[in-house]
$ cat my_file13.txt   # compact mmCIF, C-alpha atoms
# COMPACT_ATOMS: atom_id res chain seq x y z
CA MET K 1 98.32 46.30 -79.47
CA SER K 2 96.55 48.81 -81.72
CA LEU K 3 97.80 49.46 -85.23
CA ARG K 4 98.74 53.05 -84.36
CA SER K 5 100.66 52.17 -81.20
CA GLY K 6 102.34 49.27 -83.01
CA VAL K 7 103.66 51.60 -85.66
CA ARG K 8 104.92 54.20 -83.21
CA SER K 9 106.65 51.92 -80.70
CA GLY K 10 109.78 49.87 -80.99
CA TRP K 11 111.31 51.50 -84.06
CA GLY K 12 115.08 51.52 -84.20
CA VAL K 13 117.99 51.62 -86.59
CA GLN K 14 118.00 47.87 -87.33
CA PRO K 15 114.81 47.47 -89.44
CA VAL K 16 115.47 50.68 -91.36
CA ALA K 17 119.09 49.67 -92.06
CA ALA K 18 117.99 46.24 -93.24
CA ALA K 19 115.40 47.84 -95.54
CA LEU K 20 118.01 50.25 -96.94
CA VAL K 21 120.42 47.40 -97.69
CA ALA K 22 117.65 45.44 -99.40
CA ILE K 23 116.62 48.45 -101.51
CA LEU K 24 120.22 49.12 -102.59
CA ALA K 25 120.71 45.47 -103.54
CA GLY K 26 117.47 45.48 -105.51
CA TYR K 27 117.91 48.71 -107.44
CA SER K 28 121.63 48.28 -108.14
CA GLY K 29 121.11 45.58 -110.73
CA SER K 30 117.51 44.99 -111.70
CA VAL K 31 116.49 48.57 -112.49
CA VAL K 32 119.22 48.52 -115.14
CA ILE K 33 117.23 45.90 -117.03
CA ILE K 34 114.18 48.18 -117.14
CA PHE K 35 116.38 50.93 -118.55
CA GLN K 36 117.66 48.50 -121.19
CA ALA K 37 114.11 47.52 -122.13
CA ALA K 38 113.12 51.17 -122.50
CA GLN K 39 116.20 51.85 -124.61
CA ALA K 40 115.55 48.86 -126.86
CA ALA K 41 111.97 50.04 -127.47
CA HIS K 42 113.07 53.69 -127.91
CA LEU K 43 110.65 54.83 -125.22
CA PRO K 44 110.73 58.55 -124.37
CA ASP K 45 112.03 59.59 -120.96
CA THR K 46 108.50 60.48 -119.84
CA LEU K 47 107.30 56.87 -120.23
CA LEU K 48 110.43 55.46 -118.57
CA SER K 49 109.97 57.83 -115.63
CA SER K 50 106.32 56.79 -115.33
CA TRP K 51 107.36 53.12 -115.51
CA ILE K 52 109.80 53.51 -112.61
CA TRP K 53 107.22 55.53 -110.68
CA ALA K 54 104.55 52.84 -111.16
CA ILE K 55 106.64 49.85 -110.09
CA SER K 56 108.16 51.70 -107.14
CA LEU K 57 104.77 52.96 -105.98
CA GLY K 58 103.25 49.50 -106.32
CA CYS K 59 106.06 47.88 -104.35
CA GLY K 60 105.86 50.54 -101.65
CA VAL K 61 102.10 50.50 -101.13
CA SER K 62 101.85 46.68 -101.26
CA GLY K 63 104.79 46.15 -98.91
CA ILE K 64 103.53 48.61 -96.31
CA VAL K 65 99.92 47.40 -96.29
CA LEU K 66 100.76 43.67 -96.26
CA SER K 67 103.51 43.99 -93.64
CA LEU K 68 101.14 45.91 -91.35
CA ARG K 69 98.18 43.65 -92.02
CA LEU K 70 100.02 40.32 -91.62
CA ARG K 71 102.63 41.43 -89.08
CA ALA K 72 105.22 39.74 -91.28
CA PRO K 73 108.15 41.18 -93.27
CA VAL K 74 106.60 41.13 -96.76
CA SER K 75 109.09 42.28 -99.39
CA VAL K 76 107.63 43.28 -102.76
CA ALA K 77 109.63 43.75 -105.95
CA TRP K 78 108.98 44.15 -109.64
CA SER K 79 109.34 41.13 -111.88
CA THR K 80 113.01 41.02 -112.88
CA PRO K 81 112.63 38.16 -115.41
CA GLY K 82 109.58 40.01 -116.73
CA ALA K 83 111.71 43.09 -117.36
CA ALA K 84 114.32 40.90 -119.05
CA LEU K 85 111.61 39.47 -121.29
CA LEU K 86 110.63 43.00 -122.31
CA VAL K 87 114.10 43.80 -123.61
CA VAL K 88 113.49 41.39 -126.48
CA SER K 89 109.70 41.70 -126.69
CA LEU K 90 109.15 45.48 -126.63
CA PRO K 91 111.01 46.47 -129.82
CA GLY K 92 108.46 46.68 -132.61
CA LEU K 93 105.50 46.35 -130.23
CA PRO K 94 103.34 49.47 -129.75
CA TRP K 95 103.51 50.65 -126.14
CA ALA K 96 99.72 50.57 -125.82
CA GLU K 97 99.73 46.85 -126.74
CA ALA K 98 102.51 46.21 -124.23
CA VAL K 99 100.42 47.95 -121.56
CA GLY K 100 97.48 45.76 -122.54
CA ALA K 101 99.70 42.71 -121.97
CA PHE K 102 100.74 44.09 -118.56
CA VAL K 103 97.07 44.40 -117.58
CA LEU K 104 96.25 40.88 -118.79
CA ALA K 105 99.22 39.26 -117.02
CA SER K 106 98.53 40.89 -113.65
CA ALA K 107 94.77 40.38 -113.93
CA ALA K 108 95.32 36.68 -114.69
CA ILE K 109 97.46 36.25 -111.57
CA PHE K 110 94.83 38.12 -109.54
CA ALA K 111 92.09 35.83 -110.85
CA LEU K 112 94.14 32.73 -110.03
CA ALA K 113 94.81 34.01 -106.51
CA ILE K 114 91.28 34.93 -105.49
CA SER K 115 89.80 31.80 -107.07
CA GLY K 116 92.16 29.52 -105.16
CA MET K 117 93.53 28.08 -108.42
CA PHE K 118 97.03 29.53 -108.03
CA GLU K 119 98.95 26.40 -106.99
CA ARG K 120 96.62 24.05 -108.92
CA VAL K 121 97.37 25.74 -112.24
CA MET K 122 101.09 25.81 -111.52
CA ARG K 123 101.14 22.04 -111.16
CA LEU K 124 100.32 21.83 -114.87
CA VAL K 125 103.78 23.19 -115.76
CA PRO K 126 106.68 20.93 -114.74
CA PRO K 127 109.14 22.84 -112.52
CA ALA K 128 112.02 21.92 -114.85
CA ILE K 129 110.26 23.43 -117.88
CA ALA K 130 109.40 26.63 -116.02
CA ALA K 131 112.98 26.97 -114.74
CA ALA K 132 114.42 26.34 -118.20
CA MET K 133 112.20 29.03 -119.74
CA LEU K 134 113.29 31.48 -117.05
CA ALA K 135 116.97 30.67 -117.64
CA GLY K 136 116.49 31.03 -121.39
CA ILE K 137 114.94 34.48 -121.03
CA LEU K 138 117.81 35.65 -118.83
CA PHE K 139 120.62 33.95 -120.76
CA ARG K 140 121.30 36.72 -123.26
CA PHE K 141 121.87 39.18 -120.41
CA GLY K 142 124.61 37.01 -118.98
CA ALA K 143 126.12 36.72 -122.46
CA GLN K 144 126.06 40.51 -122.95
CA THR K 145 128.53 40.96 -120.10
CA TRP K 146 131.20 39.22 -122.14
CA VAL K 147 130.22 40.97 -125.36
CA SER K 148 130.71 44.24 -123.47
CA LEU K 149 134.08 42.98 -122.21
CA GLY K 150 135.24 42.82 -125.82
CA ARG K 151 134.05 46.38 -126.47
CA ALA K 152 135.35 47.97 -123.25
CA PRO K 153 138.01 45.63 -121.82
CA LEU K 154 139.28 47.91 -119.05
CA LEU K 155 135.92 49.10 -117.73
CA VAL K 156 134.12 45.76 -117.83
CA GLY K 157 137.21 43.80 -116.80
CA VAL K 158 137.57 45.85 -113.61
CA MET K 159 133.83 45.39 -112.94
CA VAL K 160 134.12 41.61 -113.29
CA VAL K 161 137.05 41.56 -110.85
CA ALA K 162 135.04 43.74 -108.45
CA PHE K 163 132.13 41.32 -108.73
CA LEU K 164 134.28 38.29 -107.91
CA LEU K 165 135.90 40.02 -104.95
CA GLY K 166 132.51 41.27 -103.77
CA ARG K 167 131.05 37.77 -103.96
CA ARG K 168 133.98 36.52 -101.90
CA ILE K 169 134.03 39.25 -99.25
CA LEU K 170 130.57 40.89 -99.12
CA PRO K 171 128.20 38.75 -101.20
CA LYS K 172 125.09 40.74 -100.26
CA PHE K 173 126.65 43.91 -101.64
CA ALA K 174 128.42 42.42 -104.67
CA ILE K 175 126.29 44.18 -107.31
CA THR K 176 126.30 47.44 -105.37
CA ILE K 177 130.12 47.26 -105.28
CA VAL K 178 130.19 46.59 -109.03
CA LEU K 179 127.95 49.60 -109.67
CA VAL K 180 130.07 51.93 -107.53
CA VAL K 181 133.34 50.70 -109.06
CA GLY K 182 131.97 50.89 -112.61
CA VAL K 183 130.51 54.38 -112.24
CA THR K 184 133.68 55.65 -110.54
CA LEU K 185 135.97 54.27 -113.26
CA ALA K 186 133.70 55.50 -116.06
CA GLY K 187 133.62 58.94 -114.44
CA LEU K 188 137.42 59.10 -114.15
CA ARG K 189 137.67 58.21 -117.85
CA GLY K 190 135.13 60.87 -118.86
CA GLN K 191 132.52 58.35 -120.01
CA THR K 192 129.62 59.63 -117.87
CA HIS K 193 127.32 62.59 -118.57
CA PHE K 194 125.96 63.60 -115.19
CA ALA K 195 125.92 67.29 -116.12
CA ASP K 196 122.50 66.71 -117.68
CA VAL K 197 121.06 65.07 -114.53
CA HIS K 198 118.73 67.24 -112.45
CA LEU K 199 116.48 66.48 -109.50
CA ALA K 200 112.98 66.11 -110.89
CA LEU K 201 109.71 64.62 -109.71
CA ALA K 202 108.18 61.77 -111.68
CA VAL K 203 105.04 62.55 -113.67
CA PRO K 204 102.73 59.54 -114.16
CA VAL K 205 101.68 58.97 -117.77
CA TRP K 206 98.46 57.06 -118.43
CA THR K 207 98.38 54.86 -121.55
CA MET K 208 95.08 53.40 -122.71
CA PRO K 209 95.63 49.61 -122.93
CA VAL K 210 95.17 47.94 -126.31
CA PHE K 211 94.46 44.21 -126.20
CA THR K 212 95.59 41.98 -129.07
CA PHE K 213 95.83 38.23 -129.48
CA GLY K 214 99.51 38.42 -130.42
CA SER K 215 100.57 40.47 -127.39
CA ALA K 216 98.50 38.24 -125.12
CA LEU K 217 100.33 35.10 -126.30
CA ASN K 218 103.81 36.53 -126.84
CA LEU K 219 104.00 38.83 -123.82
CA ALA K 220 101.14 38.45 -121.31
CA LEU K 221 101.39 34.66 -120.98
CA PRO K 222 105.19 34.55 -120.51
CA LEU K 223 105.01 37.52 -118.11
CA CYS K 224 102.42 35.68 -116.05
CA LEU K 225 104.37 32.42 -115.95
CA VAL K 226 107.77 33.89 -115.08
CA ALA K 227 106.25 36.09 -112.38
CA ILE K 228 104.55 33.12 -110.70
CA THR K 229 107.26 30.49 -111.08
CA GLY K 230 110.29 32.80 -110.91
CA GLN K 231 109.26 35.13 -108.09
CA PHE K 232 105.89 34.61 -106.40
CA LEU K 233 106.51 31.00 -105.40
CA PRO K 234 110.15 31.44 -104.28
CA GLY K 235 109.23 34.69 -102.50
CA LEU K 236 106.45 33.03 -100.54
CA ALA K 237 108.76 30.12 -99.75
CA VAL K 238 111.35 32.49 -98.25
CA ILE K 239 108.73 34.09 -95.98
CA ARG K 240 107.49 30.69 -94.84
CA ALA K 241 111.02 29.37 -94.33
CA ALA K 242 111.64 32.32 -92.00
CA GLY K 243 108.76 31.07 -89.81
CA TYR K 244 105.89 33.30 -90.94
CA SER K 245 102.58 31.76 -91.92
CA VAL K 246 100.95 34.13 -94.39
CA ASN K 247 97.72 33.90 -96.34
CA GLN K 248 98.91 33.14 -99.87
CA ARG K 249 95.62 34.17 -101.47
CA LEU K 250 95.75 37.55 -99.70
CA VAL K 251 99.41 38.22 -100.54
CA VAL K 252 99.27 37.24 -104.22
CA GLY K 253 95.83 38.77 -104.71
CA ALA K 254 96.75 42.11 -103.14
CA ILE K 255 100.04 42.46 -105.02
CA SER K 256 98.63 41.43 -108.40
CA GLY K 257 95.58 43.65 -107.83
CA VAL K 258 97.78 46.71 -107.25
CA SER K 259 99.88 45.70 -110.26
CA THR K 260 96.77 45.58 -112.46
CA LEU K 261 95.71 49.07 -111.38
CA LEU K 262 99.15 50.51 -112.09
CA ALA K 263 99.70 48.69 -115.42
CA PRO K 264 98.40 51.61 -117.55
CA PHE K 265 101.16 53.76 -116.03
CA GLY K 266 103.84 51.25 -117.09
CA CYS K 267 103.90 48.68 -114.28
CA HIS K 268 104.87 45.44 -116.03
CA GLY K 269 104.29 43.40 -112.87
CA ILE K 270 105.15 43.42 -109.18
CA THR K 271 105.61 40.26 -107.13
CA THR K 272 106.88 38.95 -103.83
CA ALA K 273 110.66 39.21 -103.61
CA ALA K 274 113.02 36.39 -102.71
CA PHE K 275 116.54 37.71 -102.09
CA THR K 276 115.46 40.96 -100.43
CA ALA K 277 112.82 39.05 -98.46
CA ALA K 278 115.56 36.86 -97.01
CA GLN K 279 117.39 39.99 -95.88
CA ILE K 280 114.52 41.60 -93.98
CA ALA K 281 112.95 38.34 -92.73
CA GLY K 282 116.15 37.21 -91.01
CA PRO K 283 118.03 38.50 -87.97
CA GLU K 284 119.17 41.53 -90.00
CA GLY K 285 115.57 42.77 -90.02
CA HIS K 286 115.21 42.70 -86.22
CA ASP K 287 116.49 40.63 -83.33
CA ASP K 288 112.89 39.86 -82.40
CA PRO K 289 111.11 37.87 -85.17
CA GLY K 290 107.82 39.39 -84.04
CA GLN K 291 109.11 42.87 -84.92
CA ARG K 292 110.60 42.18 -88.35
CA TRP K 293 107.45 43.40 -90.05
CA ARG K 294 108.84 46.88 -89.35
CA ALA K 295 111.59 46.25 -91.90
CA GLY K 296 108.91 45.49 -94.49
CA VAL K 297 107.18 48.79 -93.70
CA ALA K 298 110.48 50.70 -93.82
CA MET K 299 111.28 49.14 -97.18
CA GLY K 300 107.89 50.21 -98.50
CA VAL K 301 108.47 53.79 -97.36
CA LEU K 302 111.83 53.87 -99.15
CA TYR K 303 110.12 52.60 -102.31
CA LEU K 304 107.65 55.49 -102.11
CA LEU K 305 110.47 58.02 -101.78
CA ILE K 306 112.19 56.58 -104.84
CA ALA K 307 108.89 56.66 -106.75
CA LEU K 308 108.78 60.44 -106.34
CA PHE K 309 112.06 60.84 -108.19
CA GLY K 310 111.64 58.31 -111.00
CA ALA K 311 112.61 60.92 -113.58
CA THR K 312 115.95 61.56 -111.85
CA LEU K 313 116.71 57.85 -111.58
CA ALA K 314 116.03 57.41 -115.29
CA ALA K 315 118.35 60.32 -116.11
CA VAL K 316 121.13 58.86 -113.96
CA PHE K 317 121.15 55.58 -115.87
CA ALA K 318 120.94 57.42 -119.20
CA ALA K 319 124.18 59.18 -118.25
CA LEU K 320 126.12 55.89 -117.99
CA PRO K 321 127.92 54.10 -120.85
CA ALA K 322 126.07 51.25 -122.53
CA GLU K 323 128.81 48.72 -121.74
CA LEU K 324 128.55 49.48 -118.04
CA ILE K 325 124.77 48.99 -118.11
CA ALA K 326 125.07 45.67 -119.96
CA ALA K 327 127.77 44.39 -117.61
CA ILE K 328 125.79 45.21 -114.46
CA ALA K 329 122.65 43.57 -115.86
CA GLY K 330 124.51 40.40 -116.79
CA LEU K 331 126.37 40.08 -113.51
CA ALA K 332 123.23 40.83 -111.47
CA LEU K 333 121.40 37.96 -113.18
CA LEU K 334 124.22 35.43 -112.94
CA GLY K 335 122.73 33.78 -109.87
CA ALA K 336 119.27 33.70 -111.44
CA ILE K 337 120.56 31.99 -114.58
CA LEU K 338 122.47 29.47 -112.49
CA GLY K 339 119.41 28.81 -110.34
CA GLY K 340 117.24 28.28 -113.40
CA LEU K 341 119.66 25.89 -115.05
CA SER K 342 120.19 23.95 -111.83
CA ALA K 343 116.44 23.48 -111.39
CA ALA K 344 116.05 22.58 -115.06
CA ILE K 345 118.43 19.63 -114.87
CA ALA K 346 117.63 18.53 -111.31
CA GLU K 347 115.13 15.86 -112.45
CA PRO K 348 116.77 13.36 -114.87
CA SER K 349 113.47 12.45 -116.54
CA SER K 350 112.86 16.10 -117.53
CA ARG K 351 116.35 17.09 -118.69
CA ASP K 352 115.84 16.63 -122.43
CA ALA K 353 112.58 18.56 -122.45
CA ALA K 354 114.05 21.26 -120.23
CA MET K 355 117.06 21.66 -122.50
CA ILE K 356 114.78 22.03 -125.53
CA THR K 357 112.87 24.73 -123.65
CA PHE K 358 116.07 26.52 -122.63
CA LEU K 359 117.70 26.49 -126.07
CA CYS K 360 114.53 27.50 -127.88
CA THR K 361 113.84 30.37 -125.47
CA ALA K 362 117.45 31.58 -125.49
CA SER K 363 117.62 31.49 -129.30
CA GLY K 364 115.23 34.41 -129.71
CA MET K 365 113.53 32.63 -132.62
CA SER K 366 110.12 33.63 -133.98
CA LEU K 367 107.65 31.45 -135.88
CA PHE K 368 104.13 32.27 -137.10
CA GLY K 369 104.35 35.56 -135.24
CA LEU K 370 104.93 33.84 -131.90
CA GLY K 371 108.05 34.55 -129.84
CA ALA K 372 110.74 32.30 -128.42
CA PRO K 373 109.50 32.10 -124.78
CA LEU K 374 106.11 30.80 -125.89
CA TRP K 375 107.65 28.32 -128.33
CA GLY K 376 110.11 27.19 -125.67
CA LEU K 377 107.22 26.45 -123.33
CA VAL K 378 105.14 24.70 -125.99
CA LEU K 379 107.98 22.57 -127.39
CA GLY K 380 109.23 21.72 -123.92
CA LEU K 381 105.80 20.51 -122.82
CA ALA K 382 105.42 18.55 -126.07
CA ALA K 383 108.83 16.92 -125.59
CA GLN K 384 107.94 16.05 -122.00
CA ALA K 385 104.73 14.38 -123.19
CA VAL K 386 106.50 12.40 -125.93
CA LEU K 387 109.39 11.31 -123.74
CA GLY K 388 106.99 10.27 -121.00
CA GLY K 389 108.87 11.95 -118.15
CA THR K 390 106.91 12.53 -115.00
CA HIS K 391 107.08 15.44 -112.69
CA ARG K 392 106.07 15.83 -109.11
CA ALA K 393 104.71 19.09 -107.82
CA LYS K 394 107.10 20.23 -105.13
CA PRO K 395 106.97 23.22 -102.86
CA PRO K 396 109.33 25.87 -104.20
CA SER K 397 112.78 26.05 -102.73
CA ALA K 398 113.58 28.82 -100.30
CA SER K 399 116.63 29.55 -102.41
CA PRO K 400 115.80 32.61 -104.48
CA ALA K 401 115.47 32.03 -108.20
CA VAL K 402 116.08 35.64 -109.02
CA SER K 403 118.27 38.34 -107.60
CA ARG K 404 115.41 40.25 -106.01

$ encode --input "my_file13.txt" --output "structure tokens"
Amino acid sequence: MSLRSGVRSGWGVQPVAAALVAILAGYSGSVVIIFQAAQAAHLPDTLLSSWIWAISLGCGVSGIVLSLRLRAPVSVAWSTPGAALLVVSLPGLPWAEAVGAFVLASAAIFALAISGMFERVMRLVPPAIAAAMLAGILFRFGAQTWVSLGRAPLLVGVMVVAFLLGRRILPKFAITIVLVVGVTLAGLRGQTHFADVHLALAVPVWTMPVFTFGSALNLALPLCLVAITGQFLPGLAVIRAAGYSVNQRLVVGAISGVSTLLAPFGCHGITTAAFTAAQIAGPEGHDDPGQRWRAGVAMGVLYLLIALFGATLAAVFAALPAELIAAIAGLALLGAILGGLSAAIAEPSSRDAAMITFLCTASGMSLFGLGAPLWGLVLGLAAQAVLGGTHRAKPPSASPAVSR
């Protein structure tokens, strides 16, 4: 079958519907974290719009090309734990230096992929330590939900109830339900400001990267590690668990290459997805496993449409109350935090070192100009060496470590 005839034949409602569900699930919670990071760093709306444009464009182009090339449902997403890391790392850091760290992180992953060193390097970091660092980065977002509950009891309380009911009845749509309920209630109480929202096309903004030793250690290295351990490996595992044999070097290399090119426009890192990959790689994507690649293409097209209106999406989230944003972010990452903690304590010989990593990372401490994620990794590895615990390199679980 030629590429052109393959694209034109066999399309139906099922792959497009599966892609739409996956997109809604992805944007409902994780894009909120990007908005929080931009707010914390006091970025102007133009840079936030460019950021959303860059990650959406990267996900769309990568997903379409890889799904067509491999005839497999490849779901691409931005790095959710990476965005969470930026909430605490961006304040006080010049945007040009942050962009330099984005370039370094994606370029490092690209180099590992094309050199064949990807899995070999990852074996150097015990899975428990990597999971504990991921959980530590995300922990404060989970905690913010309950801080927001104290500030806005009615709004956040109703959202928590909606989340629990959603998890019980429609778990795939739980965060989408929370978003709809929260926005509706906030609107009825006059807490939204949608009058200022207008349909507008995104305008990409190029920032010349500035490379510094501090941003490379404090931001680029953690971004690289959480992208690989928190999303690339679980995402690839989901695709393989669904029965698709894909070229890991091609997938990781292509995605990280696109991410590197888009970094000057604000792309902090795109990766393979886990949760959304499970949605389009299963029966929801298509009854015929050989046709599920169409859902990956449809998802990429939807990403491209959203990229066009990045400015509008940024304005929509700016119109929502801060407590609603914090509650959605925390609830969306609940599963990721749980997954990280579970993996951190799974191996008895690594538990002490993993707990040191988790607590240090979650503390937000800074020493000698180096941030908590880096210190968590360093101290955790040191504790592992002193305690003499061993770790075995295992293939990543098909259970998604992050919500996307």

$ closest_residue --input "my_file13.txt" --among "K:Gly63, K:Ile33, K:Ala54, K:Ala38" --to "Val301 in chain K" --atoms "only C-alpha atoms"
K:Gly63

$ closest_residue --input "my_file13.txt" --among "K:Ala329, K:Val87, K:Leu262, K:Ala382" --to "Val31 in chain K" --atoms "all atoms listed in the file"
K:Ala329

$ closest_residue --input "my_file13.txt" --among "K:Arg69, K:His286, K:Arg140, K:Arg123" --to "Leu85 in chain K" --atoms "only C-alpha atoms"
K:Arg140

$ residues_around --input "my_file13.txt" --residues "Thr192 in chain K" --least-positions-apart "4" --cutoff "8 Å" --atoms "only C-alpha atoms" --output "JSON, numbers by chain"
{"K": [183, 186, 187, 319, 320, 321]}

$ closest_atom_pairs --input "my_file13.txt" --of "range 97-191 of chain K" --to "range 336-346 of chain K" --cutoff "12 Å" --atoms "only C-alpha atoms" --output "JSON lines"
{"residue": "K:Pro126", "atom": "CA", "partner": "K:Ala344", "partner_atom": "CA", "distance": 9.5}
{"residue": "K:Pro127", "atom": "CA", "partner": "K:Ala344", "partner_atom": "CA", "distance": 7.4}
{"residue": "K:Ala128", "atom": "CA", "partner": "K:Ala344", "partner_atom": "CA", "distance": 4.1}
{"residue": "K:Ile129", "atom": "CA", "partner": "K:Ala344", "partner_atom": "CA", "distance": 6.5}
{"residue": "K:Ala130", "atom": "CA", "partner": "K:Ala344", "partner_atom": "CA", "distance": 7.8}
{"residue": "K:Ala131", "atom": "CA", "partner": "K:Gly340", "partner_atom": "CA", "distance": 4.7}
{"residue": "K:Ala132", "atom": "CA", "partner": "K:Ala344", "partner_atom": "CA", "distance": 5.2}
{"residue": "K:Met133", "atom": "CA", "partner": "K:Gly340", "partner_atom": "CA", "distance": 8.1}
{"residue": "K:Leu134", "atom": "CA", "partner": "K:Gly340", "partner_atom": "CA", "distance": 6.3}
{"residue": "K:Ala135", "atom": "CA", "partner": "K:Gly340", "partner_atom": "CA", "distance": 4.9}
{"residue": "K:Gly136", "atom": "CA", "partner": "K:Ile337", "partner_atom": "CA", "distance": 8.0}
{"residue": "K:Ile137", "atom": "CA", "partner": "K:Ile337", "partner_atom": "CA", "distance": 8.9}
{"residue": "K:Leu138", "atom": "CA", "partner": "K:Ile337", "partner_atom": "CA", "distance": 6.2}
{"residue": "K:Phe139", "atom": "CA", "partner": "K:Ile337", "partner_atom": "CA", "distance": 6.5}
{"residue": "K:Arg140", "atom": "CA", "partner": "K:Ile337", "partner_atom": "CA", "distance": 9.9}
{"residue": "K:Phe141", "atom": "CA", "partner": "K:Ile337", "partner_atom": "CA", "distance": 9.3}
{"residue": "K:Gly142", "atom": "CA", "partner": "K:Ile337", "partner_atom": "CA", "distance": 7.8}
{"residue": "K:Ala143", "atom": "CA", "partner": "K:Ile337", "partner_atom": "CA", "distance": 10.7}

$ closest_residue --input "my_file13.txt" --among "K:Leu104, K:Leu261, K:Met117, K:Met299" --to "Leu24 in chain K" --atoms "only C-alpha atoms"
K:Met299

$ atom_distance --input "my_file13.txt" --atom1 "CA of Gly58 in chain K" --atom2 "CA of Leu170 in chain K"
29.5 Å

$ closest_residue --input "my_file13.txt" --among "K:Gln279, K:Ser245, K:Ser106, K:Gln39" --to "Ala216 in chain K" --atoms "only C-alpha atoms"
K:Ser106

$ atom_distance --input "my_file13.txt" --atom1 "CA of Leu377 in chain K" --atom2 "CA of Pro91 in chain K"
21.4 Å

$ atom_distance --input "my_file13.txt" --atom1 "CA of Ala113 in chain K" --atom2 "CA of Ile228 in chain K"
10.6 Å

$ closest_residue --input "my_file13.txt" --among "K:Leu236, K:Ala318, K:Ala195, K:Leu305" --to "Ala281 in chain K" --atoms "all atoms listed in the file"
K:Leu236

$ residues_around --input "my_file13.txt" --residues "range 206-208 of chain K" --least-positions-apart "4" --cutoff "10 Å" --atoms "only C-alpha atoms" --output "list in words"
Leu47, Ser50, Trp95, Ala96, Glu97, Ala98, Val99, Gly100, Leu262, Ala263, Pro264, Phe265 and Gly266 of chain K

$ residues_around --input "my_file13.txt" --residues "Met365 in chain K" --least-positions-apart "6" --cutoff "10 Å" --atoms "all atoms listed in the file" --output "list of chain:residue names"
K:Leu359, K:Gly371, K:Ala372, K:Pro373, K:Trp375, K:Gly376

$ build_atoms --input "my_file13.txt" --residues "range 236-251 of chain K" --atoms "N, CA and C atoms" --output "compact mmCIF listing (two decimals), in the coordinates of the input"
# COMPACT_ATOMS: atom_id res chain seq x y z
N LEU K 236 107.29 33.56 -101.62
CA LEU K 236 106.45 33.03 -100.54
C LEU K 236 107.19 31.96 -99.75
N ALA K 237 108.00 31.17 -100.43
CA ALA K 237 108.76 30.12 -99.75
C ALA K 237 109.76 30.72 -98.77
N VAL K 238 110.39 31.84 -99.14
CA VAL K 238 111.35 32.49 -98.25
C VAL K 238 110.65 32.99 -96.98
N ILE K 239 109.47 33.59 -97.14
CA ILE K 239 108.73 34.09 -95.98
C ILE K 239 108.35 32.94 -95.05
N ARG K 240 107.89 31.84 -95.65
CA ARG K 240 107.49 30.69 -94.84
C ARG K 240 108.69 30.03 -94.17
N ALA K 241 109.81 29.98 -94.90
CA ALA K 241 111.02 29.37 -94.33
C ALA K 241 111.53 30.17 -93.14
N ALA K 242 111.22 31.47 -93.11
CA ALA K 242 111.64 32.32 -92.00
C ALA K 242 110.71 32.16 -90.79
N GLY K 243 109.64 31.35 -90.93
CA GLY K 243 108.76 31.07 -89.81
C GLY K 243 107.46 31.85 -89.79
N TYR K 244 107.12 32.51 -90.90
CA TYR K 244 105.89 33.30 -90.94
C TYR K 244 104.84 32.57 -91.78
N SER K 245 103.69 32.38 -91.21
CA SER K 245 102.58 31.76 -91.92
C SER K 245 101.69 32.87 -92.47
N VAL K 246 101.72 33.05 -93.78
CA VAL K 246 100.95 34.13 -94.39
C VAL K 246 99.87 33.55 -95.30
N ASN K 247 98.82 34.29 -95.47
CA ASN K 247 97.72 33.90 -96.34
C ASN K 247 98.14 34.12 -97.79
N GLN K 248 98.43 33.03 -98.50
CA GLN K 248 98.91 33.14 -99.87
C GLN K 248 97.92 33.85 -100.77
N ARG K 249 96.64 33.55 -100.62
CA ARG K 249 95.62 34.17 -101.47
C ARG K 249 95.61 35.68 -101.26
N LEU K 250 95.74 36.12 -100.00
CA LEU K 250 95.75 37.55 -99.70
C LEU K 250 96.98 38.22 -100.29
N VAL K 251 98.16 37.62 -100.08
CA VAL K 251 99.41 38.22 -100.54
C VAL K 251 99.44 38.34 -102.06
